[in-house]
file upload.txt (compact mmCIF, C-alpha atoms)
# COMPACT_ATOMS: atom_id res chain seq x y z
CA MET A 1 25.47 -1.46 1.01
CA THR A 2 23.57 -1.91 4.25
CA ALA A 3 20.71 0.23 5.48
CA GLU A 4 19.14 0.61 8.91
CA LEU A 5 15.78 2.10 9.83
CA ILE A 6 15.16 4.15 12.95
CA SER A 7 11.57 5.12 13.77
CA VAL A 8 11.31 7.82 16.42
CA GLY A 9 8.24 8.35 18.57
CA THR A 10 6.90 7.26 21.93
CA GLU A 11 3.43 7.01 20.33
CA ILE A 12 4.72 4.11 18.19
CA LEU A 13 6.06 2.26 21.23
CA LEU A 14 2.72 2.72 23.00
CA GLY A 15 0.82 1.35 20.03
CA ASN A 16 -1.07 4.59 19.49
CA ILE A 17 -0.11 4.61 15.81
CA THR A 18 0.94 1.89 13.37
CA ASN A 19 4.48 2.15 12.05
CA THR A 20 3.72 2.14 8.33
CA ASN A 21 6.88 4.16 7.61
CA ALA A 22 9.14 1.22 8.48
CA ARG A 23 7.24 -1.10 6.16
CA TYR A 24 7.39 1.39 3.30
CA LEU A 25 11.10 2.12 3.77
CA ALA A 26 11.98 -1.58 4.12
CA GLU A 27 10.32 -2.34 0.79
CA GLU A 28 12.05 0.62 -0.84
CA CYS A 29 15.43 -0.49 0.50
CA ALA A 30 14.89 -3.95 -0.97
CA MET A 31 14.03 -2.39 -4.33
CA LEU A 32 17.22 -0.33 -4.18
CA GLY A 33 19.32 -3.41 -3.49
CA LEU A 34 20.18 -2.24 0.03
CA SER A 35 20.52 -4.96 2.66
CA CYS A 36 18.40 -4.04 5.68
CA TYR A 37 19.41 -6.06 8.76
CA TYR A 38 18.06 -3.87 11.56
CA GLN A 39 14.92 -1.85 12.27
CA VAL A 40 14.74 0.05 15.54
CA THR A 41 11.90 1.97 17.18
CA VAL A 42 12.86 4.36 19.94
CA GLY A 43 10.91 6.84 22.04
CA ASP A 44 11.42 10.58 22.41
CA ASN A 45 14.33 10.26 24.82
CA GLU A 46 17.65 11.90 24.01
CA GLU A 47 19.90 9.39 25.75
CA ARG A 48 18.27 6.32 24.22
CA LEU A 49 17.98 7.99 20.81
CA ALA A 50 21.67 8.90 20.86
CA GLY A 51 22.62 5.32 21.69
CA VAL A 52 20.51 3.96 18.85
CA MET A 53 22.00 6.44 16.38
CA LYS A 54 25.60 5.66 17.40
CA THR A 55 25.03 1.93 17.01
CA ALA A 56 23.33 2.33 13.64
CA LEU A 57 26.10 4.53 12.24
CA GLU A 58 28.73 2.03 13.39
CA ARG A 59 27.17 -1.02 11.71
CA SER A 60 25.27 0.34 8.68
CA ASP A 61 26.17 2.42 5.63
CA VAL A 62 22.85 4.25 5.38
CA VAL A 63 20.62 5.18 8.34
CA LEU A 64 17.09 6.29 7.51
CA ILE A 65 15.48 8.11 10.44
CA SER A 66 11.82 9.15 10.46
CA GLY A 67 10.03 11.18 13.10
CA GLY A 68 10.93 13.68 15.80
CA LEU A 69 11.41 16.72 13.54
CA GLY A 70 8.44 18.68 14.86
CA PRO A 71 8.39 21.99 16.77
CA THR A 72 7.78 20.70 20.30
CA GLU A 73 10.29 20.06 23.06
CA ASP A 74 10.06 16.29 22.76
CA ASP A 75 11.05 16.44 19.05
CA LEU A 76 14.73 15.67 19.58
CA THR A 77 15.90 13.81 16.48
CA LYS A 78 17.79 16.59 14.72
CA GLU A 79 19.37 17.94 17.91
CA THR A 80 20.43 14.47 19.02
CA LEU A 81 22.04 13.58 15.69
CA ALA A 82 23.95 16.87 15.74
CA LYS A 83 25.37 16.00 19.17
CA VAL A 84 26.23 12.44 18.09
CA LEU A 85 28.13 13.82 15.09
CA GLY A 86 29.69 16.67 17.06
CA ARG A 87 28.25 19.31 14.76
CA GLU A 88 26.60 22.67 15.31
CA LEU A 89 23.07 23.72 14.40
CA TYR A 90 22.31 26.93 12.54
CA GLU A 91 19.11 28.65 11.44
CA ASP A 92 18.57 28.51 7.68
CA GLN A 93 16.87 31.70 6.47
CA LYS A 94 15.25 30.06 3.42
CA ILE A 95 13.64 27.39 5.60
CA ARG A 96 12.45 30.06 8.00
CA LYS A 97 10.82 31.92 5.13
CA ASP A 98 9.27 28.68 3.80
CA ILE A 99 7.74 27.95 7.21
CA GLU A 100 6.29 31.45 7.45
CA ASN A 101 4.86 31.15 3.92
CA TYR A 102 3.38 27.74 4.74
CA PHE A 103 1.39 29.17 7.63
CA HIS A 104 0.28 32.10 5.50
CA LYS A 105 -0.94 29.81 2.69
CA THR A 106 -2.94 27.64 5.09
CA GLY A 107 -4.76 30.70 6.37
CA ASN A 108 -3.11 30.58 9.80
CA ARG A 109 -1.80 34.11 10.29
CA HIS A 110 -0.33 33.31 13.71
CA MET A 111 2.73 31.09 13.82
CA ALA A 112 3.93 29.90 17.21
CA SER A 113 7.57 30.82 17.81
CA ASN A 114 8.51 27.19 18.46
CA ASN A 115 7.89 26.41 14.78
CA LEU A 116 11.17 28.19 14.00
CA LYS A 117 12.90 25.28 15.70
CA GLN A 118 12.28 23.45 12.45
CA ALA A 119 14.51 25.92 10.60
CA GLN A 120 17.55 24.61 12.47
CA VAL A 121 19.95 22.69 10.21
CA ILE A 122 22.88 20.44 11.06
CA GLU A 123 26.22 21.82 9.90
CA GLY A 124 27.13 20.30 6.51
CA ALA A 125 23.69 18.79 5.87
CA VAL A 126 21.88 18.78 2.54
CA ILE A 127 18.39 20.21 3.07
CA LEU A 128 15.45 18.15 1.75
CA ASP A 129 12.50 20.40 0.95
CA ASN A 130 9.10 19.43 2.37
CA PRO A 131 6.26 20.98 0.33
CA ASN A 132 3.74 18.95 2.36
CA GLY A 133 4.64 20.26 5.81
CA THR A 134 6.85 22.55 7.86
CA ALA A 135 9.63 20.10 8.81
CA PRO A 136 12.33 19.81 6.13
CA GLY A 137 14.45 16.71 5.94
CA GLN A 138 18.23 16.60 6.08
CA LEU A 139 20.87 14.35 4.56
CA VAL A 140 24.19 14.20 6.38
CA ARG A 141 27.43 12.47 5.41
CA THR A 142 29.69 11.57 8.32
CA GLU A 143 33.47 11.85 8.26
CA GLU A 144 33.57 8.06 7.92
CA GLY A 145 31.42 8.18 4.78
CA LYS A 146 28.21 6.98 6.44
CA ILE A 147 24.90 8.56 5.43
CA ALA A 148 22.19 9.65 7.87
CA VAL A 149 18.86 10.85 6.50
CA LEU A 150 16.32 12.71 8.64
CA MET A 151 12.69 12.65 7.45
CA PRO A 152 9.42 13.77 9.05
CA GLY A 153 7.19 11.18 10.71
CA PRO A 154 3.80 11.77 9.03
CA PRO A 155 3.61 9.35 6.05
CA GLY A 156 2.04 12.07 3.89
CA GLU A 157 5.30 14.02 4.28
CA MET A 158 7.84 11.23 4.60
CA ILE A 159 6.83 9.18 1.55
CA PRO A 160 7.00 11.98 -1.05
CA MET A 161 10.25 13.24 0.47
CA PHE A 162 11.84 9.81 0.23
CA ARG A 163 10.45 9.19 -3.25
CA ASP A 164 11.45 12.56 -4.72
CA LYS A 165 14.64 13.42 -2.82
CA VAL A 166 16.19 10.50 -0.97
CA LYS A 167 15.61 7.62 -3.38
CA PRO A 168 17.30 9.29 -6.38
CA TYR A 169 20.32 10.05 -4.21
CA LEU A 170 20.58 6.47 -2.96
CA GLU A 171 20.17 5.16 -6.51
CA SER A 172 23.19 7.21 -7.53
CA LEU A 173 25.29 5.36 -4.95
CA THR A 174 24.44 1.92 -6.31
CA PRO A 175 26.88 0.53 -8.89
CA GLY A 176 24.98 -0.13 -12.10
CA THR A 177 21.23 0.24 -12.48
CA LEU A 178 18.39 -1.57 -10.75
CA TYR A 179 15.48 -2.60 -12.97
CA SER A 180 12.35 -4.02 -11.34
CA GLU A 181 8.99 -5.40 -12.36
CA MET A 182 6.15 -6.24 -9.99
CA LEU A 183 3.80 -9.16 -10.55
CA ARG A 184 0.52 -8.73 -8.67
CA ILE A 185 -1.24 -11.98 -7.86
CA CYS A 186 -4.75 -12.65 -6.58
CA GLY A 187 -6.72 -15.83 -5.95
CA VAL A 188 -3.85 -17.86 -4.51
CA GLY A 189 -2.16 -17.50 -1.11
CA GLU A 190 1.45 -16.70 -0.26
CA SER A 191 2.30 -20.25 0.80
CA SER A 192 0.87 -21.67 -2.43
CA VAL A 193 2.82 -19.15 -4.49
CA ALA A 194 6.01 -20.05 -2.62
CA GLU A 195 5.40 -23.76 -3.23
CA MET A 196 4.65 -23.27 -6.93
CA LEU A 197 7.80 -21.18 -7.42
CA LYS A 198 10.14 -22.87 -4.91
CA ASP A 199 12.74 -24.01 -7.44
CA ILE A 200 12.81 -20.61 -9.16
CA ILE A 201 13.15 -18.72 -5.87
CA ASP A 202 15.82 -21.14 -4.56
CA ALA A 203 17.89 -20.68 -7.72
CA GLN A 204 17.69 -16.86 -7.76
CA THR A 205 20.87 -14.83 -7.94
CA ASN A 206 20.48 -11.93 -10.33
CA PRO A 207 17.61 -11.14 -10.91
CA THR A 208 16.25 -11.60 -7.41
CA ILE A 209 12.64 -12.41 -6.46
CA ALA A 210 11.10 -10.78 -3.40
CA PRO A 211 7.57 -11.81 -2.30
CA TYR A 212 5.27 -9.48 -0.36
CA ALA A 213 1.99 -10.63 1.22
CA LYS A 214 -0.89 -8.15 0.98
CA THR A 215 -4.54 -8.42 2.01
CA GLY A 216 -5.96 -10.92 -0.46
CA GLU A 217 -2.92 -10.63 -2.73
CA VAL A 218 0.71 -11.62 -3.16
CA HIS A 219 3.18 -9.34 -4.91
CA LEU A 220 6.42 -10.56 -6.46
CA ARG A 221 9.11 -8.01 -7.25
CA ILE A 222 11.73 -9.21 -9.73
CA THR A 223 14.84 -7.01 -9.66
CA ALA A 224 17.97 -7.14 -11.79
CA LEU A 225 21.24 -5.29 -11.22
CA ALA A 226 22.50 -4.39 -14.66
CA PRO A 227 24.69 -1.86 -16.49
CA ASP A 228 21.61 -0.09 -17.87
CA GLN A 229 17.80 -0.26 -17.94
CA GLU A 230 17.56 -2.10 -21.26
CA THR A 231 19.90 -4.85 -20.08
CA GLY A 232 17.99 -5.08 -16.82
CA LYS A 233 14.70 -5.42 -18.67
CA ALA A 234 16.15 -8.20 -20.80
CA MET A 235 17.37 -10.02 -17.67
CA VAL A 236 13.99 -9.78 -15.93
CA ALA A 237 11.85 -10.81 -18.92
CA PRO A 238 12.61 -14.57 -18.92
CA VAL A 239 12.01 -14.78 -15.16
CA VAL A 240 8.65 -13.06 -15.57
CA ASP A 241 7.75 -15.42 -18.41
CA GLN A 242 8.71 -18.44 -16.31
CA ILE A 243 6.57 -17.28 -13.40
CA ARG A 244 3.67 -16.50 -15.74
CA GLY A 245 3.87 -20.06 -17.00
CA ARG A 246 3.34 -21.32 -13.45
CA LEU A 247 0.75 -18.85 -12.16
CA GLY A 248 -1.25 -18.09 -15.31
CA ASP A 249 -4.25 -15.81 -14.83
CA HIS A 250 -3.63 -15.56 -11.10
CA ILE A 251 -1.34 -12.68 -12.19
CA TYR A 252 -3.65 -9.75 -12.82
CA THR A 253 -1.09 -7.12 -13.77
CA THR A 254 2.57 -6.20 -14.07
CA LYS A 255 1.75 -2.50 -14.06
CA ASP A 256 1.93 -0.17 -11.08
CA GLU A 257 -1.80 -0.40 -10.38
CA THR A 258 -4.13 -1.82 -7.75
CA MET A 259 -6.81 -4.40 -8.40
CA GLU A 260 -9.51 -1.71 -8.42
CA GLU A 261 -7.51 0.44 -10.82
CA HIS A 262 -6.98 -2.55 -13.09
CA LEU A 263 -10.68 -3.42 -13.05
CA ILE A 264 -11.82 0.14 -13.80
CA ARG A 265 -9.30 0.38 -16.64
CA LEU A 266 -10.51 -2.95 -18.04
CA LEU A 267 -14.12 -1.75 -17.99
CA GLN A 268 -13.13 1.51 -19.67
CA GLU A 269 -11.30 -0.35 -22.43
CA LYS A 270 -14.35 -2.56 -23.02
CA GLN A 271 -16.70 0.45 -22.77
CA MET A 272 -18.81 -1.36 -20.18
CA THR A 273 -20.63 -0.12 -17.10
CA ILE A 274 -20.77 -1.91 -13.75
CA THR A 275 -22.87 -1.87 -10.60
CA THR A 276 -22.65 -3.57 -7.20
CA ALA A 277 -25.12 -5.30 -4.89
CA GLU A 278 -23.71 -5.71 -1.39
CA SER A 279 -24.92 -7.38 1.76
CA CYS A 280 -22.07 -8.36 4.11
CA THR A 281 -19.63 -5.77 2.73
CA GLY A 282 -22.08 -2.91 3.29
CA GLY A 283 -20.75 -0.56 0.59
CA LEU A 284 -17.04 -1.36 0.99
CA LEU A 285 -16.89 -2.77 -2.54
CA ALA A 286 -18.50 0.28 -4.14
CA GLY A 287 -16.33 2.58 -2.04
CA THR A 288 -13.19 0.77 -3.18
CA LEU A 289 -14.13 1.12 -6.83
CA ILE A 290 -14.96 4.82 -6.63
CA ASN A 291 -11.64 5.53 -4.97
CA VAL A 292 -10.22 5.19 -8.49
CA SER A 293 -10.02 8.35 -10.54
CA GLY A 294 -12.27 7.97 -13.58
CA ALA A 295 -14.55 5.42 -11.94
CA SER A 296 -17.54 7.59 -12.82
CA ASP A 297 -17.03 6.60 -16.46
CA VAL A 298 -18.15 3.05 -15.67
CA PHE A 299 -19.79 3.11 -12.22
CA HIS A 300 -23.01 5.09 -11.89
CA GLN A 301 -24.78 3.53 -8.90
CA GLY A 302 -24.63 0.66 -6.45
CA PHE A 303 -26.94 -1.04 -3.99
CA ILE A 304 -26.54 -1.92 -0.31
CA THR A 305 -29.22 -4.53 0.39
CA TYR A 306 -28.53 -5.74 3.90
CA ASP A 307 -32.11 -6.68 4.76
CA ASN A 308 -33.92 -9.53 2.98
CA GLN A 309 -36.94 -7.37 2.17
CA VAL A 310 -34.65 -4.84 0.49
CA LYS A 311 -33.08 -7.63 -1.55
CA HIS A 312 -36.57 -8.57 -2.70
CA ARG A 313 -37.95 -5.08 -3.22
CA VAL A 314 -34.93 -3.39 -4.83
CA LEU A 315 -33.16 -6.26 -6.60
CA GLY A 316 -36.05 -8.59 -7.24
CA VAL A 317 -34.64 -11.56 -5.31
CA LYS A 318 -37.52 -14.02 -5.09
CA GLU A 319 -39.10 -14.51 -1.67
CA GLU A 320 -39.13 -18.24 -2.41
CA THR A 321 -35.35 -18.14 -2.93
CA LEU A 322 -34.86 -16.41 0.42
CA ARG A 323 -37.16 -18.87 2.21
CA GLN A 324 -35.74 -22.01 0.67
CA PHE A 325 -32.03 -21.20 0.42
CA GLY A 326 -31.53 -18.15 2.64
CA ALA A 327 -29.82 -14.85 1.96
CA VAL A 328 -26.37 -16.45 2.17
CA SER A 329 -26.67 -18.82 -0.76
CA ARG A 330 -25.52 -19.34 -4.31
CA GLN A 331 -29.06 -18.75 -5.56
CA CYS A 332 -29.43 -15.44 -3.75
CA ALA A 333 -26.07 -14.18 -5.02
CA GLN A 334 -27.10 -14.99 -8.58
CA GLU A 335 -30.43 -13.18 -8.33
CA MET A 336 -28.79 -10.21 -6.61
CA ALA A 337 -26.33 -9.82 -9.50
CA GLU A 338 -29.04 -10.15 -12.13
CA GLY A 339 -31.33 -7.74 -10.29
CA ALA A 340 -28.61 -5.13 -9.77
CA ALA A 341 -27.66 -5.14 -13.45
CA ARG A 342 -31.33 -4.81 -14.39
CA ALA A 343 -32.05 -2.03 -11.90
CA ALA A 344 -28.95 -0.01 -12.85
CA GLY A 345 -29.06 -0.74 -16.54
CA ALA A 346 -25.43 -1.87 -16.29
CA ASP A 347 -23.46 -4.26 -18.49
CA ALA A 348 -21.90 -5.97 -15.48
CA ALA A 349 -22.71 -6.46 -11.80
CA ILE A 350 -21.00 -7.89 -8.73
CA SER A 351 -23.04 -9.22 -5.84
CA VAL A 352 -21.76 -10.29 -2.42
CA THR A 353 -23.65 -12.00 0.38
CA GLY A 354 -22.14 -13.79 3.35
CA ILE A 355 -21.51 -14.06 7.07
CA ALA A 356 -18.79 -11.66 8.19
CA GLY A 357 -19.09 -12.61 11.88
CA PRO A 358 -18.24 -12.77 14.61
CA GLY A 359 -21.77 -14.06 15.21
CA GLY A 360 -24.40 -15.48 12.90
CA GLY A 361 -22.60 -18.62 11.79
CA THR A 362 -23.89 -22.19 11.93
CA ASP A 363 -22.39 -25.60 11.21
CA GLU A 364 -24.00 -25.49 7.78
CA LYS A 365 -23.11 -21.86 7.09
CA PRO A 366 -20.06 -20.88 9.16
CA VAL A 367 -18.63 -17.42 9.71
CA GLY A 368 -16.55 -16.49 6.68
CA LEU A 369 -18.85 -18.14 4.14
CA VAL A 370 -19.38 -15.73 1.24
CA TYR A 371 -21.00 -16.05 -2.17
CA ILE A 372 -19.87 -13.73 -4.96
CA GLY A 373 -22.00 -13.35 -8.04
CA CYS A 374 -20.73 -11.90 -11.32
CA TYR A 375 -23.10 -10.85 -14.09
CA VAL A 376 -21.62 -9.94 -17.48
CA ARG A 377 -24.07 -9.20 -20.31
CA GLY A 378 -26.55 -11.92 -19.48
CA LYS A 379 -24.15 -14.54 -18.12
CA VAL A 380 -23.94 -15.15 -14.37
CA THR A 381 -21.36 -17.12 -12.40
CA VAL A 382 -21.21 -17.56 -8.62
CA GLU A 383 -18.14 -18.35 -6.52
CA GLU A 384 -18.32 -19.84 -3.03
CA CYS A 385 -15.58 -18.57 -0.71
CA HIS A 386 -14.50 -19.40 2.84
CA PHE A 387 -12.52 -16.66 4.58
CA SER A 388 -11.01 -16.52 8.06
CA GLY A 389 -10.28 -13.57 10.30
CA ASN A 390 -12.25 -10.89 12.08
CA ARG A 391 -15.26 -9.08 10.63
CA GLN A 392 -13.24 -6.37 8.90
CA LYS A 393 -10.78 -8.82 7.38
CA VAL A 394 -13.58 -11.00 5.99
CA ARG A 395 -15.13 -7.92 4.40
CA GLU A 396 -11.80 -6.78 2.92
CA LEU A 397 -10.98 -10.24 1.56
CA THR A 398 -14.47 -10.45 0.06
CA VAL A 399 -14.00 -7.15 -1.77
CA LYS A 400 -10.64 -8.22 -3.17
CA ARG A 401 -11.94 -11.62 -4.30
CA ALA A 402 -15.06 -10.04 -5.82
CA MET A 403 -13.02 -7.64 -7.93
CA ASN A 404 -10.75 -10.46 -9.01
CA ARG A 405 -13.74 -12.64 -9.96
CA MET A 406 -15.13 -9.85 -12.16
CA ARG A 407 -11.69 -9.30 -13.67
CA LEU A 408 -11.51 -12.97 -14.67
CA CYS A 409 -15.01 -12.86 -16.13
CA LEU A 410 -14.17 -9.81 -18.23
CA GLU A 411 -10.90 -11.27 -19.47
CA GLN A 412 -12.44 -14.53 -20.68

call {"tool": "encode", "arguments": {"input": "upload.txt", "output": "structure tokens"}}
result
Amino acid sequence: MTAELISVGTEILLGNITNTNARYLAEECAMLGLSCYYQVTVGDNEERLAGVMKTALERSDVVLISGGLGPTEDDLTKETLAKVLGRELYEDQKIRKDIENYFHKTGNRHMASNNLKQAQVIEGAVILDNPNGTAPGQLVRTEEGKIAVLMPGPPGEMIPMFRDKVKPYLESLTPGTLYSEMLRICGVGESSVAEMLKDIIDAQTNPTIAPYAKTGEVHLRITALAPDQETGKAMVAPVVDQIRGRLGDHIYTTKDETMEEHLIRLLQEKQMTITTAESCTGGLLAGTLINVSGASDVFHQGFITYDNQVKHRVLGVKEETLRQFGAVSRQCAQEMAEGAARAAGADAAISVTGIAGPGGGTDEKPVGLVYIGCYVRGKVTVEECHFSGNRQKVRELTVKRAMNRMRLCLEQ
């Protein structure tokens, strides 16, 4: 089956917001075994939107449409699809009541009358409840057997609606069962992964291998189409083993977890505490770790030591070290990690010091040079890294590499 994505909103065309919905839906379509050949973004214009919808329904089996379901006059998605399909709109009393209750629960006693526009339903549509907002989704089958799905634009509403309502329906249309496993890789780039696995990827049929590049990571999704889940798992297992044999400890997990979640879980299992000492990342590392539920079990405090005197006073970095080698040095990173562990009374510590840019670099120490120190129960290792990109990207890549370095130290 083929799928097509339509993102509705002039704000997307103007670059006011990033179209994360299309990326999410494209990945989900690939996981469902749907071939996605077209993605279209269209503004809030009825004529152009109608043309896009007609074309999509002619050439694709499933059309996933996000955006334009709001209460204002320029929210035209539902009305336009109804006209394209030649169907009437009617007011659904349950949706009307849900919208009224939503406003009451949020403490807003006054509901503008235009919100009732969202209670309008296309004749013959299946209503998709939206507990996270006021705009319900709708799933419509055309007379030709095509499927059009309307979903709200805000990702906080669209993603749970797709996950809980739309995805199970689409899975029921796929012959057989799709079984997938995700390998999450850190410490090696996408091009290197592709080169190391070229023969495996070239030979893929069923299961299939789909790579996804993330910030500081590469994800590989291995998917098998099988009669049942157990058969699918058995088909995927040898491919996973083969890839593991090539990539080794660059694979940090096959679970549905981020690097920070994996690291916190690892520390919990080992009953160890951790602290951070940050210069160029300015708290981004600590903030990433404490985004994980349960981080307080292992992370009690961290240090932002941007100034050299603070490195000396708080972490005990020797003044001689700072004079002779500078703040951005292997020696400083080591002493920062040792000092942080000592000051926090932690079993483990990560230190980062570097030049995030865009200024401050020299021929000897260019922008993107970062040293990452890892202290684990008396043993310290330091990794020298060279990142490229703007200031924010260097900081994000540093955080990801720092967590991966600690993960490797803990798993030794």

call {"tool": "closest_residue", "arguments": {"input": "upload.txt", "among": "A:Thr288, A:Thr253, A:Asn132, A:Thr223", "to": "A:Glu28", "atoms": "all atoms listed in the file"}}
result
A:Thr223

call {"tool": "atom_distance", "arguments": {"input": "upload.txt", "atom1": "atom CA of A:Glu217", "atom2": "atom CA of A:Lys400"}}
result
8.1 Å

call {"tool": "atom_distance", "arguments": {"input": "upload.txt", "atom1": "atom CA of A:Leu322", "atom2": "atom CA of A:Gly354"}}
result
13.3 Å

call {"tool": "closest_residue", "arguments": {"input": "upload.txt", "among": "A:Ala226, A:Leu32, A:Val121, A:Leu49", "to": "A:Tyr169", "atoms": "all atoms listed in the file"}}
result
A:Leu32

call {"tool": "closest_residue", "arguments": {"input": "upload.txt", "among": "A:Thr381, A:Ser113, A:Ser351, A:Thr134", "to": "A:Val328", "atoms": "only C-alpha atoms"}}
result
A:Ser351

call {"tool": "residues_around", "arguments": {"input": "upload.txt", "residues": "stretch 195-203 of chain A", "least_positions_apart": "2", "cutoff": "8 Å", "atoms": "all atoms listed in the file", "output": "ChimeraX atom specification"}}
result
/A:191-193,205,208-209,243,246-247

call {"tool": "residues_around", "arguments": {"input": "upload.txt", "residues": "A:Phe387", "least_positions_apart": "2", "cutoff": "12 Å", "atoms": "all atoms listed in the file", "output": "list of chain:residue names"}}
result
A:Gly189, A:Thr215, A:Gly216, A:Gly354, A:Ile355, A:Ala356, A:Gly357, A:Pro366, A:Val367, A:Gly368, A:Leu369, A:Val370, A:Tyr371, A:Glu384, A:Cys385, A:Gly389, A:Asn390, A:Arg391, A:Gln392, A:Lys393, A:Val394, A:Arg395, A:Glu396, A:Leu397, A:Thr398, A:Val399, A:Lys400, A:Arg401

call {"tool": "closest_residue", "arguments": {"input": "upload.txt", "among": "A:Val240, A:Leu116, A:Ala234, A:Ala337", "to": "A:Leu220", "atoms": "all atoms listed in the file"}}
result
A:Val240

call {"tool": "atom_distance", "arguments": {"input": "upload.txt", "atom1": "atom CA of A:Leu263", "atom2": "atom CA of A:Tyr24"}}
result
24.8 Å

call {"tool": "closest_residue", "arguments": {"input": "upload.txt", "among": "A:Lys54, A:His250, A:Arg23, A:Arg59", "to": "A:Cys186", "atoms": "all atoms listed in the file"}}
result
A:His250

call {"tool": "residues_around", "arguments": {"input": "upload.txt", "residues": "A:Tyr102", "least_positions_apart": "3", "cutoff": "8 Å", "atoms": "only C-alpha atoms", "output": "ChimeraX atom specification"}}
result
/A:98-99,105-106,133-134

call {"tool": "residues_around", "arguments": {"input": "upload.txt", "residues": "A:Lys97", "least_positions_apart": "2", "cutoff": "12 Å", "atoms": "all atoms listed in the file", "output": "ChimeraX atom specification"}}
result
/A:91-95,99-104,111,115-116,118-119,134

call {"tool": "residues_near_point", "arguments": {"input": "upload.txt", "point": "(17.7, -4.5, 3.6)", "cutoff": "12 Å", "atoms": "only C-alpha atoms", "output": "ChimeraX atom specification"}}
result
/A:1-5,22-39,60-64,210

call {"tool": "closest_residue", "arguments": {"input": "upload.txt", "among": "A:Glu338, A:Glu260, A:Glu181, A:Glu278", "to": "A:Ala237", "atoms": "all atoms listed in the file"}}
result
A:Glu181

call {"tool": "residues_around", "arguments": {"input": "upload.txt", "residues": "stretch 302-304 of chain A", "least_positions_apart": "6", "cutoff": "8 Å", "atoms": "only C-alpha atoms", "output": "list of chain:residue names"}}
result
A:Thr275, A:Thr276, A:Ala277, A:Glu278, A:Ser279, A:Gly282, A:Gly283, A:Ala286, A:Ala340, A:Ala344

call {"tool": "build_atoms", "arguments": {"input": "upload.txt", "residues": "stretch 286-290 of chain A", "atoms": "all heavy atoms", "output": "PDB file, keeping the file's coordinate frame"}}
result
ATOM      1  N   ALA A 286     -18.247  -0.923  -3.346  1.00  0.00           N
ATOM      2  CA  ALA A 286     -18.500   0.280  -4.140  1.00  0.00           C
ATOM      3  C   ALA A 286     -17.521   1.392  -3.786  1.00  0.00           C
ATOM      4  O   ALA A 286     -16.979   2.077  -4.660  1.00  0.00           O
ATOM      5  CB  ALA A 286     -19.932   0.760  -3.940  1.00  0.00           C
ATOM      6  N   GLY A 287     -17.261   1.552  -2.481  1.00  0.00           N
ATOM      7  CA  GLY A 287     -16.330   2.580  -2.040  1.00  0.00           C
ATOM      8  C   GLY A 287     -14.930   2.356  -2.561  1.00  0.00           C
ATOM      9  O   GLY A 287     -14.212   3.308  -2.878  1.00  0.00           O
ATOM     10  N   THR A 288     -14.521   1.098  -2.650  1.00  0.00           N
ATOM     11  CA  THR A 288     -13.190   0.770  -3.180  1.00  0.00           C
ATOM     12  C   THR A 288     -13.100   1.129  -4.654  1.00  0.00           C
ATOM     13  O   THR A 288     -12.094   1.693  -5.109  1.00  0.00           O
ATOM     14  CB  THR A 288     -12.888  -0.720  -2.970  1.00  0.00           C
ATOM     15  OG1 THR A 288     -12.952  -1.026  -1.573  1.00  0.00           O
ATOM     16  CG2 THR A 288     -11.503  -1.073  -3.493  1.00  0.00           C
ATOM     17  N   LEU A 289     -14.132   0.827  -5.397  1.00  0.00           N
ATOM     18  CA  LEU A 289     -14.130   1.120  -6.830  1.00  0.00           C
ATOM     19  C   LEU A 289     -14.097   2.625  -7.094  1.00  0.00           C
ATOM     20  O   LEU A 289     -13.359   3.104  -7.960  1.00  0.00           O
ATOM     21  CB  LEU A 289     -15.342   0.495  -7.507  1.00  0.00           C
ATOM     22  CG  LEU A 289     -15.365  -1.034  -7.571  1.00  0.00           C
ATOM     23  CD1 LEU A 289     -16.686  -1.523  -8.168  1.00  0.00           C
ATOM     24  CD2 LEU A 289     -14.196  -1.571  -8.396  1.00  0.00           C
ATOM     25  N   ILE A 290     -14.892   3.383  -6.335  1.00  0.00           N
ATOM     26  CA  ILE A 290     -14.960   4.820  -6.630  1.00  0.00           C
ATOM     27  C   ILE A 290     -13.791   5.589  -6.049  1.00  0.00           C
ATOM     28  O   ILE A 290     -13.672   6.794  -6.273  1.00  0.00           O
ATOM     29  CB  ILE A 290     -16.297   5.440  -6.158  1.00  0.00           C
ATOM     30  CG1 ILE A 290     -16.442   5.356  -4.637  1.00  0.00           C
ATOM     31  CG2 ILE A 290     -17.470   4.781  -6.852  1.00  0.00           C
ATOM     32  CD1 ILE A 290     -17.670   6.081  -4.119  1.00  0.00           C
TER      33      ILE A 290
END
